[in-house]
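Q: Enclosed is the structure file work-v5.cif (mmCIF, C-alpha atoms, pLDDT in the B column; chains and numbers go by the auth columns).
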data_entry
loop_
_atom_site.group_PDB
_atom_site.id
_atom_site.type_symbol
_atom_site.label_atom_id
_atom_site.label_comp_id
_atom_site.label_asym_id
_atom_site.label_seq_id
_atom_site.Cartn_x
_atom_site.Cartn_y
_atom_site.Cartn_z
_atom_site.B_iso_or_equiv
_atom_site.auth_seq_id
_atom_site.auth_asym_id
ATOM 1 C CA MET A 1 11.567 -2.605 6.878 48.00 10 A
ATOM 2 C CA GLY A 2 12.917 -4.861 9.574 51.00 11 A
ATOM 3 C CA LYS A 3 14.790 -3.742 12.672 57.00 12 A
ATOM 4 C CA SER A 4 18.517 -3.674 12.041 59.00 13 A
ATOM 5 C CA ASN A 5 19.285 -5.807 15.105 59.00 14 A
ATOM 6 C CA LYS A 6 17.073 -8.593 13.694 56.00 15 A
ATOM 7 C CA ARG A 7 18.516 -8.678 10.169 59.00 16 A
ATOM 8 C CA GLY A 8 20.268 -11.845 9.110 65.00 17 A
ATOM 9 C CA GLU A 9 18.208 -14.122 11.382 70.00 18 A
ATOM 10 C CA GLY A 10 16.159 -15.570 8.506 76.00 19 A
ATOM 11 C CA ILE A 11 12.873 -14.017 9.600 82.00 20 A
ATOM 12 C CA GLY A 12 12.241 -12.411 6.197 78.00 21 A
ATOM 13 C CA ARG A 13 13.110 -15.606 4.339 84.00 22 A
ATOM 14 C CA ASN A 14 10.754 -17.596 6.577 90.00 23 A
ATOM 15 C CA LEU A 15 8.000 -15.074 5.927 89.00 24 A
ATOM 16 C CA PHE A 16 8.576 -15.272 2.163 85.00 25 A
ATOM 17 C CA GLU A 17 8.575 -19.091 2.274 91.00 26 A
ATOM 18 C CA TYR A 18 5.391 -19.213 4.333 93.00 27 A
ATOM 19 C CA THR A 19 3.647 -16.737 2.036 89.00 28 A
ATOM 20 C CA ALA A 20 4.781 -18.605 -1.103 88.00 29 A
ATOM 21 C CA ASP A 21 3.474 -21.878 0.356 91.00 30 A
ATOM 22 C CA GLU A 22 0.119 -20.262 1.158 93.00 31 A
ATOM 23 C CA PHE A 23 -0.091 -18.759 -2.341 90.00 32 A
ATOM 24 C CA ARG A 24 0.573 -22.175 -3.882 91.00 33 A
ATOM 25 C CA ARG A 25 -2.097 -23.742 -1.655 93.00 34 A
ATOM 26 C CA LEU A 26 -4.787 -21.116 -2.250 94.00 35 A
ATOM 27 C CA LEU A 27 -4.188 -19.857 -5.786 93.00 36 A
ATOM 28 C CA GLN A 28 -3.863 -21.199 -9.312 94.00 37 A
ATOM 29 C CA ALA A 29 -0.524 -21.563 -11.117 93.00 38 A
ATOM 30 C CA ASN A 30 -1.273 -18.645 -13.479 95.00 39 A
ATOM 31 C CA ASP A 31 -2.302 -16.232 -10.720 95.00 40 A
ATOM 32 C CA LEU A 32 -0.008 -13.318 -9.961 94.00 41 A
ATOM 33 C CA ALA A 33 2.311 -12.983 -6.971 93.00 42 A
ATOM 34 C CA PHE A 34 4.060 -9.671 -6.349 93.00 43 A
ATOM 35 C CA THR A 35 5.932 -7.694 -3.759 93.00 44 A
ATOM 36 C CA LEU A 36 7.188 -4.142 -3.423 94.00 45 A
ATOM 37 C CA SER A 37 10.624 -3.081 -2.267 95.00 46 A
ATOM 38 C CA LEU A 38 10.549 0.438 -0.853 93.00 47 A
ATOM 39 C CA GLY A 39 12.387 2.692 -3.279 93.00 48 A
ATOM 40 C CA ASN A 40 15.146 5.103 -2.378 93.00 49 A
ATOM 41 C CA LYS A 41 13.114 7.939 -3.955 90.00 50 A
ATOM 42 C CA SER A 42 9.786 7.013 -2.328 87.00 51 A
ATOM 43 C CA HIS A 43 10.033 9.794 0.238 81.00 52 A
ATOM 44 C CA LEU A 44 9.930 12.453 -2.454 78.00 53 A
ATOM 45 C CA HIS A 45 6.802 13.978 -3.951 84.00 54 A
ATOM 46 C CA ALA A 46 7.880 12.376 -7.218 82.00 55 A
ATOM 47 C CA GLY A 47 5.175 9.714 -7.050 80.00 56 A
ATOM 48 C CA ARG A 48 2.436 12.298 -6.753 84.00 57 A
ATOM 49 C CA ASP A 49 3.994 14.369 -9.541 87.00 58 A
ATOM 50 C CA LEU A 50 4.322 11.295 -11.749 86.00 59 A
ATOM 51 C CA LYS A 51 0.676 10.347 -11.201 86.00 60 A
ATOM 52 C CA THR A 52 -0.370 13.893 -12.182 91.00 61 A
ATOM 53 C CA LEU A 53 1.780 13.716 -15.325 91.00 62 A
ATOM 54 C CA LEU A 54 0.461 10.297 -16.377 91.00 63 A
ATOM 55 C CA LEU A 55 -3.193 11.163 -15.736 93.00 64 A
ATOM 56 C CA GLY A 56 -2.763 14.428 -17.627 94.00 65 A
ATOM 57 C CA HIS A 57 -1.298 12.521 -20.566 94.00 66 A
ATOM 58 C CA GLU A 58 -4.154 9.980 -20.484 95.00 67 A
ATOM 59 C CA ARG A 59 -6.689 12.825 -20.387 96.00 68 A
ATOM 60 C CA GLN A 60 -5.029 14.581 -23.322 96.00 69 A
ATOM 61 C CA VAL A 61 -4.898 11.410 -25.459 96.00 70 A
ATOM 62 C CA ASN A 62 -8.058 9.543 -24.373 96.00 71 A
ATOM 63 C CA GLY A 63 -10.327 12.205 -22.911 96.00 72 A
ATOM 64 C CA VAL A 64 -12.894 11.940 -20.169 97.00 73 A
ATOM 65 C CA ASP A 65 -15.775 9.463 -20.054 95.00 74 A
ATOM 66 C CA GLU A 66 -18.966 11.499 -20.552 95.00 75 A
ATOM 67 C CA GLN A 67 -21.030 9.310 -18.226 95.00 76 A
ATOM 68 C CA THR A 68 -18.645 9.031 -15.284 96.00 77 A
ATOM 69 C CA GLY A 69 -16.578 12.188 -15.710 95.00 78 A
ATOM 70 C CA LYS A 70 -13.435 10.129 -15.096 96.00 79 A
ATOM 71 C CA ILE A 71 -10.300 10.135 -17.201 96.00 80 A
ATOM 72 C CA ARG A 72 -10.138 7.196 -19.634 95.00 81 A
ATOM 73 C CA VAL A 73 -6.986 5.349 -18.545 93.00 82 A
ATOM 74 C CA MET A 74 -5.734 3.132 -21.366 93.00 83 A
ATOM 75 C CA SER A 75 -2.053 2.777 -20.351 88.00 84 A
ATOM 76 C CA THR A 76 -1.018 5.117 -23.138 89.00 85 A
ATOM 77 C CA PRO A 77 2.776 5.072 -23.634 89.00 86 A
ATOM 78 C CA LEU A 78 4.752 8.150 -22.690 88.00 87 A
ATOM 79 C CA ALA A 79 8.385 8.806 -23.590 90.00 88 A
ATOM 80 C CA LEU A 80 10.773 8.006 -20.736 88.00 89 A
ATOM 81 C CA SER A 81 12.551 11.332 -21.303 92.00 90 A
ATOM 82 C CA ILE A 82 9.314 13.174 -20.461 91.00 91 A
ATOM 83 C CA VAL A 83 8.863 11.123 -17.286 88.00 92 A
ATOM 84 C CA GLU A 84 12.464 11.683 -16.192 91.00 93 A
ATOM 85 C CA ASN A 85 12.143 15.402 -16.871 91.00 94 A
ATOM 86 C CA GLN A 86 9.051 15.532 -14.635 87.00 95 A
ATOM 87 C CA LEU A 87 10.763 13.539 -11.876 87.00 96 A
ATOM 88 C CA GLY A 88 13.900 15.632 -12.043 89.00 97 A
ATOM 89 C CA PHE A 89 16.193 12.586 -12.054 90.00 98 A
ATOM 90 C CA PRO A 90 16.816 9.579 -14.321 92.00 99 A
ATOM 91 C CA THR A 91 14.967 6.369 -13.483 90.00 100 A
ATOM 92 C CA SER A 92 18.366 4.662 -13.328 92.00 101 A
ATOM 93 C CA GLU A 93 18.783 6.363 -9.928 94.00 102 A
ATOM 94 C CA ILE A 94 15.783 4.510 -8.468 93.00 103 A
ATOM 95 C CA SER A 95 16.763 1.478 -6.409 95.00 104 A
ATOM 96 C CA SER A 96 15.668 -0.309 -3.249 96.00 105 A
ATOM 97 C CA SER A 97 16.189 1.766 -0.124 94.00 106 A
ATOM 98 C CA GLN A 98 18.874 0.547 2.255 92.00 107 A
ATOM 99 C CA GLY A 99 16.319 -1.061 4.582 88.00 108 A
ATOM 100 C CA SER A 100 14.507 -2.852 1.731 91.00 109 A
ATOM 101 C CA ILE A 101 17.377 -4.510 -0.111 92.00 110 A
ATOM 102 C CA ALA A 102 16.508 -7.837 1.549 90.00 111 A
ATOM 103 C CA THR A 103 13.012 -7.703 0.020 92.00 112 A
ATOM 104 C CA GLU A 104 14.529 -7.299 -3.441 95.00 113 A
ATOM 105 C CA VAL A 105 17.033 -10.114 -2.866 94.00 114 A
ATOM 106 C CA LEU A 106 14.338 -12.493 -1.592 94.00 115 A
ATOM 107 C CA ALA A 107 11.956 -11.595 -4.419 95.00 116 A
ATOM 108 C CA LYS A 108 14.635 -12.543 -6.943 96.00 117 A
ATOM 109 C CA LYS A 109 15.515 -15.755 -5.062 94.00 118 A
ATOM 110 C CA PHE A 110 11.847 -16.758 -5.209 93.00 119 A
ATOM 111 C CA GLY A 111 11.726 -16.267 -8.990 95.00 120 A
ATOM 112 C CA MET A 112 10.206 -12.811 -9.151 96.00 121 A
ATOM 113 C CA THR A 113 11.486 -10.332 -11.708 97.00 122 A
ATOM 114 C CA PHE A 114 11.494 -6.553 -11.720 96.00 123 A
ATOM 115 C CA ARG A 115 8.382 -5.291 -13.541 95.00 124 A
ATOM 116 C CA GLY A 116 8.356 -1.564 -12.877 90.00 125 A
ATOM 117 C CA TYR A 117 7.506 0.914 -10.159 88.00 126 A
ATOM 118 C CA SER A 118 4.530 1.522 -7.918 87.00 127 A
ATOM 119 C CA ARG A 119 3.031 4.978 -7.795 80.00 128 A
ATOM 120 C CA ASN A 120 5.312 5.953 -4.897 85.00 129 A
ATOM 121 C CA LEU A 121 8.351 4.750 -6.898 88.00 130 A
ATOM 122 C CA SER A 122 8.875 1.527 -4.966 92.00 131 A
ATOM 123 C CA LEU A 123 10.221 -1.354 -7.056 95.00 132 A
ATOM 124 C CA LEU A 124 7.650 -3.924 -8.175 95.00 133 A
ATOM 125 C CA PHE A 125 8.675 -7.589 -8.475 97.00 134 A
ATOM 126 C CA ALA A 126 6.246 -10.194 -9.793 96.00 135 A
ATOM 127 C CA THR A 127 5.805 -13.698 -11.155 96.00 136 A
ATOM 128 C CA THR A 128 3.055 -16.265 -11.518 96.00 137 A
ATOM 129 C CA ILE A 129 2.342 -18.600 -8.606 95.00 138 A
ATOM 130 C CA GLY A 130 3.555 -21.535 -10.727 93.00 139 A
ATOM 131 C CA ASN A 131 6.953 -19.855 -11.143 93.00 140 A
ATOM 132 C CA LEU A 132 7.542 -19.148 -7.469 92.00 141 A
ATOM 133 C CA SER A 133 10.608 -21.131 -6.488 85.00 142 A
#
As a first step, turn the structure in this file into structure tokens.
A:
Amino acid sequence: MGKSNKRGEGIGRNLFEYTADEFRRLLQANDLAFTLSLGNKSHLHAGRDLKTLLLGHERQVNGVDEQTGKIRVMSTPLALSIVENQLGFPTSEISSSQGSIATEVLAKKFGMTFRGYSRNLSLLFATTIGNLS
């Protein structure tokens, strides 16, 4: 989150442009580029609660690996209604926090699309290096 007295000076855009140029120089066209925009619900314990819910679901469906003792995580689908019930609010209420709106705007300008949420409920934007504009 940038300082409010520095917003609008193009610093974030310059940083995005520089990073995109470096990605293009160092990576292949099909490699992934992503950024996170801090979510307005990130300060809550919802991320921790969501992780507990998802791991519990994975354990129930896929079990525990006998050799490692770790839960087998297979990205098993879970109904959105169950997730929203655990969070205590609908996912439609999750958006970029006031100080992170610029990150979301720049991500979209550079060709990234919304792909989901990080474990702390920040918004995840991603694209391939070849699609960075």
Q: Counting all atoms listed in the file, figure out which residue out of A:Ser84, A:Ser109, A:Ser101, A:Ser90 gets nearest to Gly48 (chain A).
A: A:Ser109
Q: Rank nothing, just name the residue among A:Gly139, A:Asp74, A:Phe43, A:Gly108 nearest to Thr122 (chain A), using all atoms listed in the file.
A: A:Phe43
Q: List every protein, DNA or RNA residue with an atom no more than 7 Å from (4.0, -7.9, -3.6) in the file's coordinates, counting all atoms listed in the file, and format the result as JSON, numbers by chain.
A: {"A": [42, 43, 44, 45, 134, 135]}
Q: Name the residues that the PyMOL selection byres ((chain A and resi 104) around 7) picks from the file above, as an MDAnalysis selection string, using the file's chain letters and numbers.
A: chainID A and resid 48:49 102:103 105:106
Q: Can those selected residues be exported to a file as a tab-separated table (two decimals), keeping the file's coordinate frame so that it contains C-alpha atoms?
A:
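Saved as selection-v9.tsv:
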chain	number	residue	atom	x	y	z
A	48	GLY	CA	12.39	2.69	-3.28
A	49	ASN	CA	15.15	5.10	-2.38
A	102	GLU	CA	18.78	6.36	-9.93
A	103	ILE	CA	15.78	4.51	-8.47
A	105	SER	CA	15.67	-0.31	-3.25
A	106	SER	CA	16.19	1.77	-0.12
Q: Would you mind reading off the distance between CA of Thr77 (chain A) and CA of Asn129 (chain A), one decimal, in Å?
A: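 Separation between CA of Thr77 (chain A) and CA of Asn129 (chain A): 26.3 Å.
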Q: Between A:Gln37, A:Arg68, A:His52, A:Ser46, which one has atoms that come closest to Val114 (chain A), using only C-alpha atoms?
A: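 Closest to Val114 (chain A) of all the choices is A:Ser46.
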Q: Pick out the residues sitting within 12 Å of Val70 (chain A), and hand them over as a list in words; count all atoms listed in the file, and ignore anything fewer than 4 positions along from it in its own chain.
A: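 Neighbouring residues, sequence-local ones excluded: Leu63, Leu64, Gly65, His66, Ile80, Arg81, Val82, Met83, Ser84, Thr85, Pro86 and Leu87 of chain A.
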Q: Can you spit out the residues from that selection as a short mmCIF file (atom, residue, chain, number, x, y, z; two decimals), in the frame of the given file, using C-alpha atoms?
A:
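Below you can see result_17.cif, which holds the result:
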data_model
loop_
_atom_site.label_atom_id
_atom_site.label_comp_id
_atom_site.auth_asym_id
_atom_site.auth_seq_id
_atom_site.Cartn_x
_atom_site.Cartn_y
_atom_site.Cartn_z
CA LEU A 63 0.46 10.30 -16.38
CA LEU A 64 -3.19 11.16 -15.74
CA GLY A 65 -2.76 14.43 -17.63
CA HIS A 66 -1.30 12.52 -20.57
CA ILE A 80 -10.30 10.14 -17.20
CA ARG A 81 -10.14 7.20 -19.63
CA VAL A 82 -6.99 5.35 -18.55
CA MET A 83 -5.73 3.13 -21.37
CA SER A 84 -2.05 2.78 -20.35
CA THR A 85 -1.02 5.12 -23.14
CA PRO A 86 2.78 5.07 -23.63
CA LEU A 87 4.75 8.15 -22.69
#
Q: Would you compute the distance between CA of Phe119 (chain A) and CA of Leu53 (chain A)? Give it in Å to one decimal.
A: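 Separation of CA of Phe119 (chain A) and CA of Leu53 (chain A): 29.4 Å.
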Q: Smallest atom-to-atom distance to Thr28 (chain A): which of A:Ile91, A:Leu141, A:Ala111, A:Leu62, using only C-alpha atoms?
A: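 Smallest distance to Thr28 (chain A) is found for A:Leu141.
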Q: Evaluate the PyMOL selection byres ((chain A and resi 142) around 12) on the structure here and hand back the selected residues as a ChimeraX atom specification.
A: /A:25-26,28-30,32-33,42,115-121,136-141
